[in-house]
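Visitor: File follows, start03.txt with compact mmCIF, C-alpha atoms:
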```txt
# COMPACT_ATOMS: atom_id res chain seq x y z
CA ASP A 1 16.76 -36.38 -51.17
CA THR A 2 16.75 -34.80 -47.69
CA ALA A 3 16.15 -31.04 -47.79
CA VAL A 4 17.84 -30.16 -44.48
CA SER A 5 20.16 -32.80 -43.10
CA GLN A 6 21.89 -32.80 -39.75
CA THR A 7 24.61 -35.05 -38.46
CA PRO A 8 24.89 -36.77 -36.12
CA LYS A 9 21.35 -37.70 -35.07
CA TYR A 10 22.51 -38.70 -31.58
CA LEU A 11 25.53 -37.48 -29.69
CA VAL A 12 26.51 -38.70 -26.21
CA THR A 13 29.60 -37.15 -24.73
CA GLN A 14 31.27 -36.34 -21.45
CA MET A 15 31.36 -32.97 -19.73
CA GLY A 16 34.23 -30.82 -20.84
CA ASN A 17 34.48 -32.27 -24.34
CA ASP A 18 34.25 -30.26 -27.57
CA LYS A 19 31.80 -31.41 -30.24
CA SER A 20 30.37 -30.26 -33.58
CA ILE A 21 27.04 -30.69 -35.28
CA LYS A 22 26.79 -30.27 -39.03
CA CYS A 23 23.91 -29.04 -41.14
CA GLU A 24 23.39 -28.86 -44.87
CA GLN A 25 20.42 -27.72 -46.95
CA ASN A 26 19.82 -28.33 -50.64
CA LEU A 27 16.83 -26.03 -51.03
CA GLY A 28 18.74 -22.99 -52.23
CA HIS A 29 17.55 -21.02 -49.21
CA ASP A 30 19.48 -17.93 -48.19
CA THR A 31 19.04 -18.15 -44.42
CA MET A 32 19.91 -20.89 -41.94
CA TYR A 33 19.28 -21.23 -38.22
CA TRP A 34 20.10 -23.16 -35.10
CA TYR A 35 17.36 -23.73 -32.52
CA LYS A 36 17.61 -25.45 -29.17
CA GLN A 37 14.68 -27.50 -27.85
CA ASP A 38 14.74 -28.23 -24.14
CA SER A 39 13.18 -31.13 -22.28
CA LYS A 40 9.85 -29.28 -22.08
CA LYS A 41 9.79 -28.94 -25.87
CA PHE A 42 10.40 -25.19 -25.74
CA LEU A 43 12.18 -23.93 -28.88
CA LYS A 44 14.61 -21.05 -28.68
CA ILE A 45 16.60 -19.54 -31.50
CA MET A 46 20.34 -19.49 -31.05
CA PHE A 47 21.76 -18.16 -34.30
CA SER A 48 20.84 -17.29 -37.83
CA TYR A 49 22.97 -16.71 -40.88
CA ASN A 50 21.96 -15.02 -44.10
CA ASN A 51 24.26 -15.71 -47.04
CA LYS A 52 27.10 -16.66 -44.67
CA GLU A 53 26.64 -13.51 -42.58
CA LEU A 54 25.68 -13.79 -38.91
CA ILE A 55 22.35 -12.04 -38.41
CA ILE A 56 20.92 -13.26 -35.14
CA ASN A 57 23.01 -14.14 -32.12
CA GLU A 58 20.77 -14.60 -29.14
CA THR A 59 22.05 -14.78 -25.59
CA VAL A 60 24.08 -17.92 -26.05
CA PRO A 61 27.29 -18.75 -24.14
CA ASN A 62 30.52 -18.08 -25.99
CA ARG A 63 31.17 -21.82 -25.88
CA PHE A 64 28.76 -22.09 -28.81
CA SER A 65 30.22 -20.98 -32.12
CA PRO A 66 28.42 -21.25 -35.44
CA LYS A 67 30.29 -21.41 -38.70
CA SER A 68 28.87 -21.02 -42.19
CA PRO A 69 31.38 -21.89 -44.92
CA ASP A 70 28.76 -21.25 -47.59
CA LYS A 71 25.06 -20.53 -47.67
CA ALA A 72 24.17 -24.23 -47.87
CA HIS A 73 26.00 -25.17 -44.67
CA LEU A 74 25.77 -24.07 -41.06
CA ASN A 75 27.74 -25.95 -38.43
CA LEU A 76 27.61 -25.60 -34.67
CA HIS A 77 30.68 -26.13 -32.54
CA ILE A 78 30.37 -26.42 -28.79
CA ASN A 79 33.35 -26.15 -26.47
CA SER A 80 33.63 -27.41 -22.89
CA LEU A 81 30.28 -29.13 -22.88
CA GLU A 82 28.15 -28.85 -19.73
CA LEU A 83 25.28 -30.95 -18.41
CA GLY A 84 22.86 -28.11 -19.17
CA ASP A 85 23.73 -28.29 -22.86
CA SER A 86 21.79 -31.55 -23.12
CA ALA A 87 18.93 -30.86 -25.52
CA VAL A 88 17.79 -31.43 -29.07
CA TYR A 89 19.38 -29.02 -31.54
CA PHE A 90 17.54 -28.26 -34.74
CA CYS A 91 18.91 -26.75 -37.88
CA ALA A 92 16.48 -24.97 -40.21
CA SER A 93 16.51 -22.93 -43.37
CA SER A 94 14.21 -20.41 -45.01
CA GLN A 95 13.92 -18.06 -47.93
CA GLY A 96 13.21 -14.66 -46.49
CA MET A 97 11.85 -11.59 -48.18
CA SER A 98 13.34 -8.48 -46.63
CA GLY A 99 13.63 -10.38 -43.41
CA ARG A 100 10.08 -11.64 -43.27
CA VAL A 101 9.67 -15.37 -43.60
CA ILE A 102 6.70 -16.03 -45.84
CA ALA A 103 6.92 -19.75 -46.49
CA GLY A 104 8.10 -20.86 -43.07
CA TYR A 105 11.15 -22.84 -42.16
CA THR A 106 12.26 -26.27 -43.27
CA PHE A 107 13.69 -28.14 -40.30
CA GLY A 108 16.24 -30.87 -40.03
CA SER A 109 15.37 -33.94 -37.98
CA GLY A 110 17.40 -32.77 -34.99
CA THR A 111 20.48 -33.83 -33.05
CA ARG A 112 19.87 -35.17 -29.57
CA LEU A 113 22.86 -34.16 -27.48
CA THR A 114 23.33 -35.86 -24.13
CA VAL A 115 26.13 -34.68 -21.87
CA VAL A 116 27.07 -37.10 -19.10
CA GLY B 1 9.17 -7.83 -28.73
CA ASN B 2 7.20 -10.51 -30.51
CA SER B 3 5.64 -13.31 -28.50
CA VAL B 4 3.31 -16.27 -28.97
CA THR B 5 1.14 -17.84 -26.29
CA GLN B 6 -0.47 -21.25 -26.72
CA MET B 7 -2.96 -23.00 -24.54
CA GLU B 8 -1.46 -25.16 -21.85
CA GLY B 9 -1.26 -28.85 -22.53
CA PRO B 10 -1.28 -31.69 -22.59
CA VAL B 11 -4.53 -32.19 -24.47
CA THR B 12 -6.04 -35.67 -24.48
CA LEU B 13 -8.91 -36.54 -26.81
CA SER B 14 -10.75 -39.57 -28.07
CA GLU B 15 -10.63 -40.40 -31.75
CA GLU B 16 -13.11 -38.37 -33.86
CA ALA B 17 -13.34 -35.61 -31.24
CA PHE B 18 -13.15 -31.93 -32.19
CA LEU B 19 -9.81 -30.22 -31.59
CA THR B 20 -9.05 -26.62 -30.77
CA ILE B 21 -5.62 -25.39 -29.73
CA ASN B 22 -5.65 -21.70 -28.90
CA CYS B 23 -2.87 -19.39 -30.01
CA THR B 24 -2.57 -15.66 -29.47
CA TYR B 25 0.28 -13.40 -30.42
CA THR B 26 1.88 -10.04 -29.80
CA ALA B 27 3.71 -8.38 -32.66
CA THR B 28 4.17 -5.05 -34.36
CA GLY B 29 2.94 -4.68 -37.88
CA TYR B 30 1.60 -7.65 -39.80
CA PRO B 31 3.37 -10.90 -38.99
CA SER B 32 3.08 -14.16 -40.87
CA LEU B 33 1.56 -16.92 -38.74
CA PHE B 34 2.31 -20.64 -38.77
CA TRP B 35 1.41 -23.93 -37.17
CA TYR B 36 4.10 -26.58 -36.98
CA VAL B 37 3.73 -30.21 -35.92
CA GLN B 38 6.39 -32.40 -34.34
CA TYR B 39 5.78 -36.14 -34.35
CA PRO B 40 7.67 -38.22 -31.76
CA GLY B 41 11.37 -38.39 -32.49
CA GLU B 42 11.14 -36.14 -35.54
CA GLY B 43 11.80 -32.55 -36.53
CA LEU B 44 9.16 -29.90 -36.99
CA GLN B 45 7.01 -29.90 -40.10
CA LEU B 46 5.05 -26.96 -41.39
CA LEU B 47 1.36 -27.77 -41.03
CA LEU B 48 -0.23 -24.58 -42.32
CA LYS B 49 0.30 -20.84 -42.60
CA ALA B 50 -1.38 -17.51 -43.16
CA THR B 51 0.33 -14.32 -44.19
CA LYS B 52 -2.34 -11.66 -43.86
CA ALA B 53 -5.45 -10.86 -41.88
CA ASP B 54 -8.52 -13.08 -42.52
CA ASP B 55 -6.42 -15.64 -44.42
CA LYS B 56 -7.30 -19.23 -43.59
CA GLY B 57 -4.55 -21.81 -43.67
CA SER B 58 -5.56 -25.43 -44.08
CA ASN B 59 -3.88 -28.80 -44.46
CA LYS B 60 -4.71 -32.44 -43.62
CA GLY B 61 -8.06 -31.44 -42.14
CA PHE B 62 -6.53 -28.78 -39.88
CA GLU B 63 -7.53 -25.13 -40.21
CA ALA B 64 -6.55 -21.83 -38.66
CA THR B 65 -7.73 -18.29 -39.45
CA TYR B 66 -5.59 -15.19 -39.02
CA ARG B 67 -7.64 -12.89 -36.79
CA LYS B 68 -6.02 -9.47 -36.59
CA GLU B 69 -8.72 -8.02 -34.34
CA THR B 70 -8.20 -10.66 -31.65
CA THR B 71 -4.51 -11.34 -32.49
CA SER B 72 -5.28 -15.04 -32.67
CA PHE B 73 -4.55 -18.02 -34.89
CA HIS B 74 -6.38 -20.94 -33.28
CA LEU B 75 -5.85 -24.43 -34.71
CA GLU B 76 -8.93 -26.60 -35.31
CA LYS B 77 -9.74 -30.03 -36.65
CA GLY B 78 -13.19 -31.49 -36.85
CA SER B 79 -12.32 -35.12 -36.21
CA VAL B 80 -8.93 -36.13 -34.83
CA GLN B 81 -7.20 -39.44 -35.40
CA VAL B 82 -4.70 -41.39 -33.33
CA SER B 83 -2.07 -40.47 -35.92
CA ASP B 84 -2.55 -36.77 -35.04
CA SER B 85 -0.85 -37.35 -31.68
CA ALA B 86 2.09 -34.96 -31.70
CA VAL B 87 3.33 -31.64 -30.36
CA TYR B 88 1.84 -28.58 -32.07
CA PHE B 89 3.62 -25.24 -32.21
CA CYS B 90 2.20 -21.88 -33.13
CA ALA B 91 4.75 -19.42 -34.52
CA LEU B 92 5.06 -16.00 -36.07
CA SER B 93 7.50 -14.23 -38.31
CA GLY B 94 7.72 -10.56 -37.55
CA PRO B 95 8.39 -7.60 -39.76
CA ALA B 96 11.76 -6.98 -41.36
CA GLY B 97 14.71 -5.21 -39.94
CA GLY B 98 17.21 -5.33 -37.14
CA THR B 99 17.91 -8.45 -35.22
CA SER B 100 14.55 -10.00 -36.06
CA TYR B 101 15.65 -10.82 -39.60
CA GLY B 102 13.88 -14.01 -40.62
CA LYS B 103 13.25 -14.94 -37.02
CA LEU B 104 10.40 -17.30 -36.17
CA THR B 105 9.10 -16.91 -32.63
CA PHE B 106 7.47 -20.07 -31.30
CA GLY B 107 4.86 -20.71 -28.68
CA GLN B 108 5.64 -23.21 -25.96
CA GLY B 109 4.07 -26.14 -27.79
CA THR B 110 0.95 -28.17 -26.97
CA ILE B 111 1.16 -31.93 -26.60
CA LEU B 112 -1.84 -33.70 -28.15
CA THR B 113 -2.62 -37.33 -27.40
CA VAL B 114 -5.50 -39.03 -29.20
CA HIS B 115 -6.81 -42.32 -27.85
CA PRO B 116 -8.69 -44.93 -29.94
```
Mind turning this structure into structure tokens?

Guide:
Amino acid sequence: DTAVSQTPKYLVTQMGNDKSIKCEQNLGHDTMYWYKQDSKKFLKIMFSYNNKELIINETVPNRFSPKSPDKAHLNLHINSLELGDSAVYFCASSQGMSGRVIAGYTFGSGTRLTVV
Amino acid sequence: GNSVTQMEGPVTLSEEAFLTINCTYTATGYPSLFWYVQYPGEGLQLLLKATKADDKGSNKGFEATYRKETTSFHLEKGSVQVSDSAVYFCALSGPAGGTSYGKLTFGQGTILTVHP
């Protein structure tokens, strides 16, 4: 039973298209995240949600819009895809205590997005 | 703000060699510290953690000690195996409040290759 599952695992699409990535966690965690990993393996947080409320919104283009219908799901919609959006996108979840993550994150296996 | 600096990679070792990957951090208060490992084509997995000064995290033969005085959390293993080849990330979770809620800040990652 996968703890944090992302779909799809691979996504190849043309510039200008709109696409979504879905994430679900069955750990009962209260916080979920989207991270972007570039070609040099650098990880950067994009968004975090705590109990469906947006908490962190880093400097991310408006073309990226997260949506959390409930605390077990966090989806990422990307409009007007650009070549520079090509990366691996990771969903993660955690159980925070007053904002401090004690036990670490549980990551999904990633979605490799390639924009051509 | 919080930051994590890891030693530059890639690191290439022979099997049974001793491994050290340096990690230093900058943070206010008392962060929690983590090492994550990413095997090829997979998501990140928590390797070990420490939540207060002088704590030692350990798992699968890897160890790291939370050194408040030197703001370090170096990863060590006495005898590496080919199967340890992966990317290793040092990370911290800062104190509560504001936009840092639950946020893990990652180092840039260190690629480790172990040859037979």

Visitor: List the neighbours of Ser86 in chain A out to 6 Å using all atoms listed in the file; skip same-chain residues closer than 3 positions along the sequence, and give me the result as a ChimeraX atom specification.

Guide: /A:83,113-115

Visitor: Using Å and a single decimal, report how far CA of Thr65 in chain B sits from CA of Gln95 in chain A.

Guide: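 Going from CA of Gln95 in chain A over to CA of Thr65 in chain B, I get 23.3 Å.
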
Visitor: Can you work out which residues from chain A touch chain B at a cut-off of 9 Å (counting all atoms listed in the file) and hand them back as a VMD selection string?

Guide: chain A and resid 31 33 40 to 45 48 50 55 to 57 90 94 to 110

Visitor: Can you tell me, as an MDAnalysis selection string, what residues are no more than 9 Å from range 15-25 of chain A when counting all atoms listed in the file, ignoring any on the same chain fewer than 2 positions away?

Guide: chainID A and resid 2:8 11 13 27:29 32 71:83 89 91:93 108 111 115:116

Visitor: For a test of reading the model, state the distance in Å between CA of Val11 in chain B and CA of Asp54 in chain B, rounded to one decimal.

Guide: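 Going from CA of Val11 in chain B over to CA of Asp54 in chain B covers 26.6 Å.
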
Visitor: To one decimal in Å, tell me the separation between CA of Phe47 in chain A and CA of Val60 in chain A.

Guide: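 Result for CA of Phe47 in chain A versus CA of Val60 in chain A: 8.6 Å, one decimal.
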
Visitor: Can you pull out every residue within 9 Å of Ala17 in chain B, counting only C-alpha atoms, but drop anything in the same chain fewer than 5 positions away, and send it as an mmCIF file with C-alpha atoms, in the frame of the given file?

Guide:
```
data_model
loop_
_atom_site.group_PDB
_atom_site.id
_atom_site.type_symbol
_atom_site.label_atom_id
_atom_site.label_comp_id
_atom_site.auth_asym_id
_atom_site.auth_seq_id
_atom_site.Cartn_x
_atom_site.Cartn_y
_atom_site.Cartn_z
ATOM 1 C CA LYS B 77 -9.740 -30.030 -36.650
ATOM 2 C CA GLY B 78 -13.190 -31.490 -36.850
ATOM 3 C CA SER B 79 -12.320 -35.120 -36.210
ATOM 4 C CA VAL B 80 -8.930 -36.130 -34.830
ATOM 5 C CA GLN B 81 -7.200 -39.440 -35.400
ATOM 6 C CA VAL B 114 -5.500 -39.030 -29.200
#
```

Visitor: Using only C-alpha atoms, which residues sit within 9 Å of His74 in chain B once same-chain residues fewer than 5 positions away are excluded, as a ChimeraX atom specification?

Guide: /B:6,20-24,63-67,90

Visitor: With C-alpha atoms retained, export the selected residues as a PDB file, keeping the file's coordinate frame.

Guide:
```
ATOM      1  CA  GLN B   6      -0.470 -21.250 -26.720  1.00  0.00           C
ATOM      2  CA  THR B  20      -9.050 -26.620 -30.770  1.00  0.00           C
ATOM      3  CA  ILE B  21      -5.620 -25.390 -29.730  1.00  0.00           C
ATOM      4  CA  ASN B  22      -5.650 -21.700 -28.900  1.00  0.00           C
ATOM      5  CA  CYS B  23      -2.870 -19.390 -30.010  1.00  0.00           C
ATOM      6  CA  THR B  24      -2.570 -15.660 -29.470  1.00  0.00           C
ATOM      7  CA  GLU B  63      -7.530 -25.130 -40.210  1.00  0.00           C
ATOM      8  CA  ALA B  64      -6.550 -21.830 -38.660  1.00  0.00           C
ATOM      9  CA  THR B  65      -7.730 -18.290 -39.450  1.00  0.00           C
ATOM     10  CA  TYR B  66      -5.590 -15.190 -39.020  1.00  0.00           C
ATOM     11  CA  ARG B  67      -7.640 -12.890 -36.790  1.00  0.00           C
ATOM     12  CA  CYS B  90       2.200 -21.880 -33.130  1.00  0.00           C
TER      13      CYS B  90
END
```

Visitor: Let me make sure I understand: among B:Lys52, B:Lys68, B:His115, B:Lys60, which one has the smallest atom-to-atom distance to Leu13 in chain B if we use all atoms listed in the file?

Guide: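 For Leu13 in chain B, the nearest of the given residues is B:His115.
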